[in-house]
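Student: Below is one structure. I have some questions about it.
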Amino acid sequence: MMESEFKFDEVPNTNAALWCGADLDSGELARMVQVAVENKTSVMSVVPASVGVVWPWLEGTAIKILARFYFPEKKISEQQVSDITVRINAAFKQGAHGAQVFLGGPVALSELVRQTHMIRDDLFFAKDLSIGMDIGGVGPNDWDRLFADLRKINASSVLFVMTRDLGAKSDFAARVFGMLDAWSDENKFDVHFMLGGHPMWTEQAMRLIQKMRPELMSGSRFFVY
């Protein structure tokens, strides 16, 4: 059985969200649900196959289930967009409150927006849409377009990961600083992070948000596992 390490001591409960691995069996998922309930976690992220498992245990609670989908390529094709809409709909029917869609970068987001923004509200009626990507793949000149695309698709949140740990060369704090410095008051979506086992990055992100954009803190989520 996989041993999960819950890092709630690193994140205030109001900002903590729970990340469930792809290889968890039903017993381990039950344990994760118990942890989420005990810590008053607002969000659980699970793979699509786990949605139907956790939903009966979470029905009637305030915890949202987000099903996550991955499209790591730099560009996203029409066939992939068609595939994702089918899979997201299936997750919603099983009890998901929203979807996390991980993309290969700003170019893939622009293509997703081009193909789906007209049907976004029909596809995600009363549901959350979180767009995830590697913050290391977002350049300084990408932020305005990225934010505009997130607004156009009416994203509920943007979720940043950092897939490569290059030590000091990762320059994580500078990347978060750049994101917050470019932030537009037009943005109505929340900012989420999944930073794995990097408490220093989590602390840096929280401190920068509190200092530069304190109004974002209440909607910020930091996924722990």
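By convention in this document, the chains of the structure tokens carry letters A, B, ... by their order, each chain's residues are numbered from 1, and ligands are numbered from 1 in the order they are shown.
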Using only C-alpha atoms, which protein or nucleic acid residues come within 8 Å of Ala96 in chain A? Drop anything in the same chain fewer than 3 positions from it, and give the result as a list in words.
Tutor: Val51, Trp55, Lys64, Ile65, Leu66, Ala67, Ala91, Phe92, Lys93 and Ala99 of chain A
Student: Any idea what's packed within 8 Å of range 40-46 of chain A, counting only C-alpha atoms, ignoring anything in its chain fewer than 3 positions away? Could you give it as a PDB file with all heavy atoms, in the first residue's frame?
Tutor:
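Saved file out_27.pdb follows:
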ATOM      1  N   ASN A  13      -5.114  25.517   6.467  1.00  0.00           N
ATOM      2  CA  ASN A  13      -6.211  24.649   6.031  1.00  0.00           C
ATOM      3  C   ASN A  13      -7.102  25.307   4.991  1.00  0.00           C
ATOM      4  O   ASN A  13      -7.605  24.654   4.080  1.00  0.00           O
ATOM      5  CB  ASN A  13      -7.050  24.217   7.239  1.00  0.00           C
ATOM      6  CG  ASN A  13      -6.459  22.999   7.928  1.00  0.00           C
ATOM      7  OD1 ASN A  13      -5.279  22.700   7.778  1.00  0.00           O
ATOM      8  ND2 ASN A  13      -7.280  22.292   8.682  1.00  0.00           N
ATOM      9  N   THR A  14      -7.314  26.620   5.128  1.00  0.00           N
ATOM     10  CA  THR A  14      -8.193  27.305   4.182  1.00  0.00           C
ATOM     11  C   THR A  14      -7.613  27.340   2.769  1.00  0.00           C
ATOM     12  O   THR A  14      -8.352  27.544   1.805  1.00  0.00           O
ATOM     13  CB  THR A  14      -8.466  28.744   4.647  1.00  0.00           C
ATOM     14  OG1 THR A  14      -7.196  29.402   4.882  1.00  0.00           O
ATOM     15  CG2 THR A  14      -9.291  28.758   5.923  1.00  0.00           C
ATOM     16  N   ALA A  16      -5.402  24.799   1.656  1.00  0.00           N
ATOM     17  CA  ALA A  16      -4.915  23.465   1.304  1.00  0.00           C
ATOM     18  C   ALA A  16      -5.932  22.716   0.445  1.00  0.00           C
ATOM     19  O   ALA A  16      -7.145  22.828   0.643  1.00  0.00           O
ATOM     20  CB  ALA A  16      -4.622  22.662   2.566  1.00  0.00           C
ATOM     21  N   ALA A  17      -5.421  21.982  -0.517  1.00  0.00           N
ATOM     22  CA  ALA A  17      -6.231  21.083  -1.333  1.00  0.00           C
ATOM     23  C   ALA A  17      -5.497  19.752  -1.382  1.00  0.00           C
ATOM     24  O   ALA A  17      -4.287  19.688  -1.181  1.00  0.00           O
ATOM     25  CB  ALA A  17      -6.436  21.654  -2.728  1.00  0.00           C
ATOM     26  N   LEU A  18      -6.226  18.684  -1.649  1.00  0.00           N
ATOM     27  CA  LEU A  18      -5.646  17.338  -1.564  1.00  0.00           C
ATOM     28  C   LEU A  18      -5.474  16.727  -2.946  1.00  0.00           C
ATOM     29  O   LEU A  18      -6.410  16.719  -3.753  1.00  0.00           O
ATOM     30  CB  LEU A  18      -6.534  16.447  -0.702  1.00  0.00           C
ATOM     31  CG  LEU A  18      -5.908  15.149  -0.167  1.00  0.00           C
ATOM     32  CD1 LEU A  18      -4.685  15.447   0.690  1.00  0.00           C
ATOM     33  CD2 LEU A  18      -6.939  14.375   0.658  1.00  0.00           C
ATOM     34  N   TRP A  19      -4.284  16.211  -3.198  1.00  0.00           N
ATOM     35  CA  TRP A  19      -3.927  15.600  -4.486  1.00  0.00           C
ATOM     36  C   TRP A  19      -3.881  14.091  -4.308  1.00  0.00           C
ATOM     37  O   TRP A  19      -3.112  13.581  -3.499  1.00  0.00           O
ATOM     38  CB  TRP A  19      -2.573  16.122  -4.924  1.00  0.00           C
ATOM     39  CG  TRP A  19      -2.125  15.689  -6.280  1.00  0.00           C
ATOM     40  CD1 TRP A  19      -1.483  14.532  -6.612  1.00  0.00           C
ATOM     41  CD2 TRP A  19      -2.244  16.433  -7.490  1.00  0.00           C
ATOM     42  NE1 TRP A  19      -1.206  14.499  -7.948  1.00  0.00           N
ATOM     43  CE2 TRP A  19      -1.660  15.663  -8.520  1.00  0.00           C
ATOM     44  CE3 TRP A  19      -2.792  17.683  -7.807  1.00  0.00           C
ATOM     45  CZ2 TRP A  19      -1.602  16.104  -9.834  1.00  0.00           C
ATOM     46  CZ3 TRP A  19      -2.745  18.115  -9.118  1.00  0.00           C
ATOM     47  CH2 TRP A  19      -2.157  17.338 -10.123  1.00  0.00           C
ATOM     48  N   CYS A  20      -4.684  13.371  -5.060  1.00  0.00           N
ATOM     49  CA  CYS A  20      -4.731  11.907  -4.959  1.00  0.00           C
ATOM     50  C   CYS A  20      -3.998  11.294  -6.151  1.00  0.00           C
ATOM     51  O   CYS A  20      -4.329  11.584  -7.306  1.00  0.00           O
ATOM     52  CB  CYS A  20      -6.177  11.416  -4.944  1.00  0.00           C
ATOM     53  SG  CYS A  20      -7.139  12.041  -3.544  1.00  0.00           S
ATOM     54  N   GLY A  21      -3.030  10.455  -5.863  1.00  0.00           N
ATOM     55  CA  GLY A  21      -2.242   9.838  -6.915  1.00  0.00           C
ATOM     56  C   GLY A  21      -3.063   8.934  -7.819  1.00  0.00           C
ATOM     57  O   GLY A  21      -4.152   8.472  -7.456  1.00  0.00           O
ATOM     58  N   ALA A  22      -2.504   8.653  -9.000  1.00  0.00           N
ATOM     59  CA  ALA A  22      -3.228   7.865  -9.993  1.00  0.00           C
ATOM     60  C   ALA A  22      -3.307   6.394  -9.632  1.00  0.00           C
ATOM     61  O   ALA A  22      -4.172   5.670 -10.142  1.00  0.00           O
ATOM     62  CB  ALA A  22      -2.556   8.015 -11.354  1.00  0.00           C
ATOM     63  N   ALA A  36      -9.280  14.512   3.979  1.00  0.00           N
ATOM     64  CA  ALA A  36      -9.881  15.739   3.443  1.00  0.00           C
ATOM     65  C   ALA A  36     -10.987  16.254   4.351  1.00  0.00           C
ATOM     66  O   ALA A  36     -11.067  17.454   4.638  1.00  0.00           O
ATOM     67  CB  ALA A  36     -10.427  15.484   2.039  1.00  0.00           C
ATOM     68  N   VAL A  37     -11.828  15.361   4.827  1.00  0.00           N
ATOM     69  CA  VAL A  37     -12.938  15.764   5.695  1.00  0.00           C
ATOM     70  C   VAL A  37     -12.407  16.278   7.029  1.00  0.00           C
ATOM     71  O   VAL A  37     -12.839  17.330   7.532  1.00  0.00           O
ATOM     72  CB  VAL A  37     -13.907  14.585   5.909  1.00  0.00           C
ATOM     73  CG1 VAL A  37     -14.944  14.936   6.982  1.00  0.00           C
ATOM     74  CG2 VAL A  37     -14.594  14.220   4.595  1.00  0.00           C
ATOM     75  N   ALA A  49     -10.685   7.946 -13.335  1.00  0.00           N
ATOM     76  CA  ALA A  49     -11.128   6.630 -12.887  1.00  0.00           C
ATOM     77  C   ALA A  49     -11.491   6.607 -11.405  1.00  0.00           C
ATOM     78  O   ALA A  49     -12.210   5.702 -10.956  1.00  0.00           O
ATOM     79  CB  ALA A  49     -10.041   5.592 -13.165  1.00  0.00           C
ATOM     80  N   SER A  50     -11.014   7.578 -10.638  1.00  0.00           N
ATOM     81  CA  SER A  50     -11.283   7.617  -9.202  1.00  0.00           C
ATOM     82  C   SER A  50     -12.512   8.440  -8.838  1.00  0.00           C
ATOM     83  O   SER A  50     -12.955   8.405  -7.688  1.00  0.00           O
ATOM     84  CB  SER A  50     -10.065   8.178  -8.456  1.00  0.00           C
ATOM     85  OG  SER A  50      -8.930   7.363  -8.628  1.00  0.00           O
ATOM     86  N   VAL A  51     -13.050   9.181  -9.795  1.00  0.00           N
ATOM     87  CA  VAL A  51     -14.189  10.057  -9.488  1.00  0.00           C
ATOM     88  C   VAL A  51     -15.361   9.264  -8.929  1.00  0.00           C
ATOM     89  O   VAL A  51     -15.938   9.599  -7.888  1.00  0.00           O
ATOM     90  CB  VAL A  51     -14.630  10.847 -10.740  1.00  0.00           C
ATOM     91  CG1 VAL A  51     -15.931  11.615 -10.454  1.00  0.00           C
ATOM     92  CG2 VAL A  51     -13.544  11.815 -11.171  1.00  0.00           C
ATOM     93  N   ALA A  62     -18.953  19.645   1.487  1.00  0.00           N
ATOM     94  CA  ALA A  62     -18.620  20.844   0.715  1.00  0.00           C
ATOM     95  C   ALA A  62     -17.357  20.650  -0.125  1.00  0.00           C
ATOM     96  O   ALA A  62     -16.892  21.590  -0.766  1.00  0.00           O
ATOM     97  CB  ALA A  62     -18.437  22.027   1.652  1.00  0.00           C
ATOM     98  N   ILE A  63     -16.808  19.441  -0.122  1.00  0.00           N
ATOM     99  CA  ILE A  63     -15.560  19.177  -0.833  1.00  0.00           C
ATOM    100  C   ILE A  63     -15.828  18.970  -2.322  1.00  0.00           C
ATOM    101  O   ILE A  63     -16.655  18.146  -2.704  1.00  0.00           O
ATOM    102  CB  ILE A  63     -14.851  17.943  -0.247  1.00  0.00           C
ATOM    103  CG1 ILE A  63     -14.521  18.175   1.231  1.00  0.00           C
ATOM    104  CG2 ILE A  63     -13.584  17.621  -1.038  1.00  0.00           C
ATOM    105  CD1 ILE A  63     -13.986  16.950   1.940  1.00  0.00           C
ATOM    106  N   LYS A  64     -15.115  19.715  -3.153  1.00  0.00           N
ATOM    107  CA  LYS A  64     -15.254  19.594  -4.598  1.00  0.00           C
ATOM    108  C   LYS A  64     -14.304  18.530  -5.137  1.00  0.00           C
ATOM    109  O   LYS A  64     -13.148  18.458  -4.727  1.00  0.00           O
ATOM    110  CB  LYS A  64     -14.961  20.922  -5.286  1.00  0.00           C
ATOM    111  CG  LYS A  64     -16.019  21.991  -5.079  1.00  0.00           C
ATOM    112  CD  LYS A  64     -15.688  23.221  -5.907  1.00  0.00           C
ATOM    113  CE  LYS A  64     -16.783  24.261  -5.816  1.00  0.00           C
ATOM    114  NZ  LYS A  64     -16.477  25.451  -6.656  1.00  0.00           N
ATOM    115  N   ILE A  65     -14.796  17.730  -6.073  1.00  0.00           N
ATOM    116  CA  ILE A  65     -13.973  16.734  -6.761  1.00  0.00           C
ATOM    117  C   ILE A  65     -13.577  17.306  -8.122  1.00  0.00           C
ATOM    118  O   ILE A  65     -14.446  17.650  -8.932  1.00  0.00           O
ATOM    119  CB  ILE A  65     -14.740  15.420  -6.982  1.00  0.00           C
ATOM    120  CG1 ILE A  65     -15.279  14.868  -5.657  1.00  0.00           C
ATOM    121  CG2 ILE A  65     -13.861  14.399  -7.679  1.00  0.00           C
ATOM    122  CD1 ILE A  65     -16.284  13.742  -5.849  1.00  0.00           C
ATOM    123  N   LEU A  66     -12.276  17.416  -8.359  1.00  0.00           N
ATOM    124  CA  LEU A  66     -11.786  17.841  -9.663  1.00  0.00           C
ATOM    125  C   LEU A  66     -11.103  16.662 -10.342  1.00  0.00           C
ATOM    126  O   LEU A  66     -10.189  16.056  -9.788  1.00  0.00           O
ATOM    127  CB  LEU A  66     -10.794  19.001  -9.521  1.00  0.00           C
ATOM    128  CG  LEU A  66     -11.320  20.298  -8.900  1.00  0.00           C
ATOM    129  CD1 LEU A  66     -10.231  21.378  -8.947  1.00  0.00           C
ATOM    130  CD2 LEU A  66     -12.569  20.786  -9.618  1.00  0.00           C
ATOM    131  N   ALA A  67     -11.564  16.330 -11.539  1.00  0.00           N
ATOM    132  CA  ALA A  67     -10.941  15.264 -12.328  1.00  0.00           C
ATOM    133  C   ALA A  67      -9.863  15.882 -13.203  1.00  0.00           C
ATOM    134  O   ALA A  67     -10.081  16.928 -13.817  1.00  0.00           O
ATOM    135  CB  ALA A  67     -11.986  14.578 -13.196  1.00  0.00           C
ATOM    136  N   ARG A  68      -8.696  15.243 -13.257  1.00  0.00           N
ATOM    137  CA  ARG A  68      -7.602  15.867 -14.000  1.00  0.00           C
ATOM    138  C   ARG A  68      -7.267  15.092 -15.276  1.00  0.00           C
ATOM    139  O   ARG A  68      -7.303  13.871 -15.318  1.00  0.00           O
ATOM    140  CB  ARG A  68      -6.372  16.049 -13.123  1.00  0.00           C
ATOM    141  CG  ARG A  68      -5.771  14.820 -12.514  1.00  0.00           C
ATOM    142  CD  ARG A  68      -4.555  15.197 -11.638  1.00  0.00           C
ATOM    143  NE  ARG A  68      -3.870  14.030 -11.135  1.00  0.00           N
ATOM    144  CZ  ARG A  68      -4.119  13.463  -9.949  1.00  0.00           C
ATOM    145  NH1 ARG A  68      -5.007  13.991  -9.131  1.00  0.00           N
ATOM    146  NH2 ARG A  68      -3.445  12.390  -9.580  1.00  0.00           N
TER     147      ARG A  68
END
Student: Apply DSSP to the backbone of this structure and, from range 55-144 of chain A, keep only the residues in strand (DSSP E or B); write these as a short mmCIF file (atom, residue, chain, number, x, y, z; two decimals) with N, CA, C and O atoms, in the first residue's frame.
Tutor:
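Result went into selection26.cif, see below:
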data_model
loop_
_atom_site.label_atom_id
_atom_site.label_comp_id
_atom_site.auth_asym_id
_atom_site.auth_seq_id
_atom_site.Cartn_x
_atom_site.Cartn_y
_atom_site.Cartn_z
N LYS A 64 -15.12 19.72 -3.15
CA LYS A 64 -15.25 19.59 -4.60
C LYS A 64 -14.30 18.53 -5.14
O LYS A 64 -13.15 18.46 -4.73
N ILE A 65 -14.80 17.73 -6.07
CA ILE A 65 -13.97 16.73 -6.76
C ILE A 65 -13.58 17.31 -8.12
O ILE A 65 -14.45 17.65 -8.93
N LEU A 66 -12.28 17.42 -8.36
CA LEU A 66 -11.79 17.84 -9.66
C LEU A 66 -11.10 16.66 -10.34
O LEU A 66 -10.19 16.06 -9.79
N ALA A 67 -11.56 16.33 -11.54
CA ALA A 67 -10.94 15.26 -12.33
C ALA A 67 -9.86 15.88 -13.20
O ALA A 67 -10.08 16.93 -13.82
N ARG A 68 -8.70 15.24 -13.26
CA ARG A 68 -7.60 15.87 -14.00
C ARG A 68 -7.27 15.09 -15.28
O ARG A 68 -7.30 13.87 -15.32
N PHE A 69 -6.92 15.88 -16.29
CA PHE A 69 -6.64 15.38 -17.62
C PHE A 69 -5.34 16.00 -18.11
O PHE A 69 -5.07 17.17 -17.85
N TYR A 70 -4.55 15.21 -18.85
CA TYR A 70 -3.23 15.66 -19.29
C TYR A 70 -3.11 15.67 -20.81
O TYR A 70 -3.42 14.69 -21.47
N PHE A 71 -2.65 16.81 -21.32
CA PHE A 71 -2.31 16.94 -22.74
C PHE A 71 -0.96 17.65 -22.79
O PHE A 71 -0.89 18.87 -22.91
N GLY A 98 -15.73 19.54 -11.33
CA GLY A 98 -14.96 20.32 -12.28
C GLY A 98 -13.83 19.49 -12.85
O GLY A 98 -13.68 18.31 -12.53
N ALA A 99 -13.03 20.13 -13.72
CA ALA A 99 -11.93 19.43 -14.37
C ALA A 99 -10.67 20.28 -14.31
O ALA A 99 -10.73 21.51 -14.44
N GLN A 100 -9.56 19.61 -14.12
CA GLN A 100 -8.25 20.23 -14.27
C GLN A 100 -7.66 19.73 -15.57
O GLN A 100 -7.48 18.53 -15.75
N VAL A 101 -7.37 20.64 -16.48
CA VAL A 101 -6.84 20.28 -17.78
C VAL A 101 -5.41 20.78 -17.87
O VAL A 101 -5.16 21.99 -17.93
N PHE A 102 -4.45 19.84 -17.87
CA PHE A 102 -3.04 20.19 -17.93
C PHE A 102 -2.58 20.24 -19.38
O PHE A 102 -2.75 19.27 -20.11
N LEU A 103 -1.99 21.36 -19.75
CA LEU A 103 -1.57 21.59 -21.12
C LEU A 103 -0.07 21.81 -21.21
O LEU A 103 0.59 22.09 -20.20
N ASP A 128 -16.48 23.74 -12.54
CA ASP A 128 -15.20 24.45 -12.52
C ASP A 128 -14.28 23.97 -13.64
O ASP A 128 -14.24 22.77 -13.93
N LEU A 129 -13.53 24.90 -14.21
CA LEU A 129 -12.50 24.57 -15.19
C LEU A 129 -11.19 25.17 -14.71
O LEU A 129 -11.06 26.39 -14.59
N SER A 130 -10.24 24.31 -14.41
CA SER A 130 -8.91 24.73 -13.98
C SER A 130 -7.91 24.35 -15.06
O SER A 130 -7.84 23.20 -15.47
N ILE A 131 -7.14 25.33 -15.54
CA ILE A 131 -6.13 25.09 -16.56
C ILE A 131 -4.78 24.98 -15.88
O ILE A 131 -4.34 25.89 -15.17
N GLY A 132 -4.10 23.84 -16.07
CA GLY A 132 -2.80 23.63 -15.45
C GLY A 132 -1.68 23.65 -16.46
O GLY A 132 -1.84 23.23 -17.61
N MET A 133 -0.52 24.15 -16.03
CA MET A 133 0.67 24.11 -16.88
C MET A 133 1.91 24.35 -16.04
O MET A 133 1.83 24.80 -14.88
N ASP A 134 3.05 24.04 -16.64
CA ASP A 134 4.34 24.23 -15.99
C ASP A 134 4.69 25.72 -16.03
O ASP A 134 4.82 26.29 -17.12
#
Student: Need to verify the contact set: Asp181 in chain A, 10 Å, only C-alpha atoms, exclusion of same-chain residues closer than 4 positions in sequence. Can you return it as a ChimeraX atom specification?
Tutor: /A:143,175-177,212-213
Student: Produce a file of the selected residues containing C-alpha atoms, as a CSV table (one decimal), in the first residue's frame.
Tutor:
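Result file is result36.csv:
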chain,number,residue,atom,x,y,z
A,143,TRP,CA,1.5,36.4,-19.5
A,175,ARG,CA,8.7,33.1,-12.1
A,176,VAL,CA,5.9,33.6,-9.6
A,177,PHE,CA,7.0,37.2,-9.2
A,212,MET,CA,2.0,41.6,-4.1
A,213,ARG,CA,-1.6,40.4,-4.5
Student: Neighbours of Ile153 in chain A within 12 Å (only C-alpha atoms; same-chain residues fewer than 2 positions away dropped), as a PyMOL selection string?
Tutor: chain A and resi 109-124+128-131+146-151+155-158+187-189
Student: Once you have the residues from the selection above, write them out as an mmCIF file, in the first residue's frame, restricted to C-alpha atoms.
Tutor:
data_model
loop_
_atom_site.group_PDB
_atom_site.id
_atom_site.type_symbol
_atom_site.label_atom_id
_atom_site.label_comp_id
_atom_site.auth_asym_id
_atom_site.auth_seq_id
_atom_site.Cartn_x
_atom_site.Cartn_y
_atom_site.Cartn_z
ATOM 1 C CA LEU A 109 -4.074 26.898 -24.277
ATOM 2 C CA SER A 110 -4.659 29.303 -27.183
ATOM 3 C CA GLU A 111 -5.652 26.370 -29.399
ATOM 4 C CA LEU A 112 -7.978 24.956 -26.747
ATOM 5 C CA VAL A 113 -9.594 28.356 -26.352
ATOM 6 C CA ARG A 114 -9.984 28.785 -30.104
ATOM 7 C CA GLN A 115 -11.818 25.501 -30.425
ATOM 8 C CA THR A 116 -13.930 25.492 -27.255
ATOM 9 C CA HIS A 117 -14.653 28.984 -25.955
ATOM 10 C CA MET A 118 -17.988 29.154 -27.811
ATOM 11 C CA ILE A 119 -19.212 25.967 -26.116
ATOM 12 C CA ARG A 120 -17.411 26.444 -22.813
ATOM 13 C CA ASP A 121 -20.508 27.406 -20.826
ATOM 14 C CA ASP A 122 -22.495 24.501 -22.248
ATOM 15 C CA LEU A 123 -19.714 22.027 -21.512
ATOM 16 C CA PHE A 124 -18.934 23.394 -18.054
ATOM 17 C CA ASP A 128 -15.200 24.448 -12.520
ATOM 18 C CA LEU A 129 -12.502 24.574 -15.189
ATOM 19 C CA SER A 130 -8.913 24.735 -13.984
ATOM 20 C CA ILE A 131 -6.131 25.094 -16.557
ATOM 21 C CA LEU A 146 -2.178 33.605 -21.256
ATOM 22 C CA PHE A 147 -4.370 35.708 -18.957
ATOM 23 C CA ALA A 148 -6.505 36.847 -21.889
ATOM 24 C CA ASP A 149 -7.042 33.239 -22.973
ATOM 25 C CA LEU A 150 -7.975 32.193 -19.432
ATOM 26 C CA ARG A 151 -10.535 34.990 -19.315
ATOM 27 C CA ALA A 155 -11.426 29.544 -16.344
ATOM 28 C CA SER A 156 -12.199 29.108 -12.670
ATOM 29 C CA SER A 157 -8.512 28.843 -11.816
ATOM 30 C CA VAL A 158 -5.039 28.428 -13.224
ATOM 31 C CA ASN A 187 -8.687 38.326 -14.048
ATOM 32 C CA LYS A 188 -11.490 36.683 -12.094
ATOM 33 C CA PHE A 189 -9.906 33.249 -11.742
#
Student: Considering only C-alpha atoms, can you say which of A:Ala90, A:Leu195, A:Ala108, A:Met206 comes closest to Ile76 in chain A?
Tutor: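 Among the listed residues, A:Ala108 lies closest to Ile76 in chain A.
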Student: Of the candidates A:Leu208, A:Met32, A:Val191, A:Met200, which one gets nearest to Ser220 in chain A if we count only C-alpha atoms?
Tutor: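 The answer is A:Val191, which sits nearest to Ser220 in chain A.
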Student: How would you write, as number ranges by chain, the set of residues in range 13-219 of chain A that DSSP gives as alpha helix (DSSP H)?
Tutor: A: 26-38, 48-58, 78-93, 106-116, 120-123, 143-152, 172-181, 199-212
Student: Which distance in Å separates CA of Asn15 in chain A and CA of Glu203 in chain A, to one decimal?
Tutor: 12.2 Å
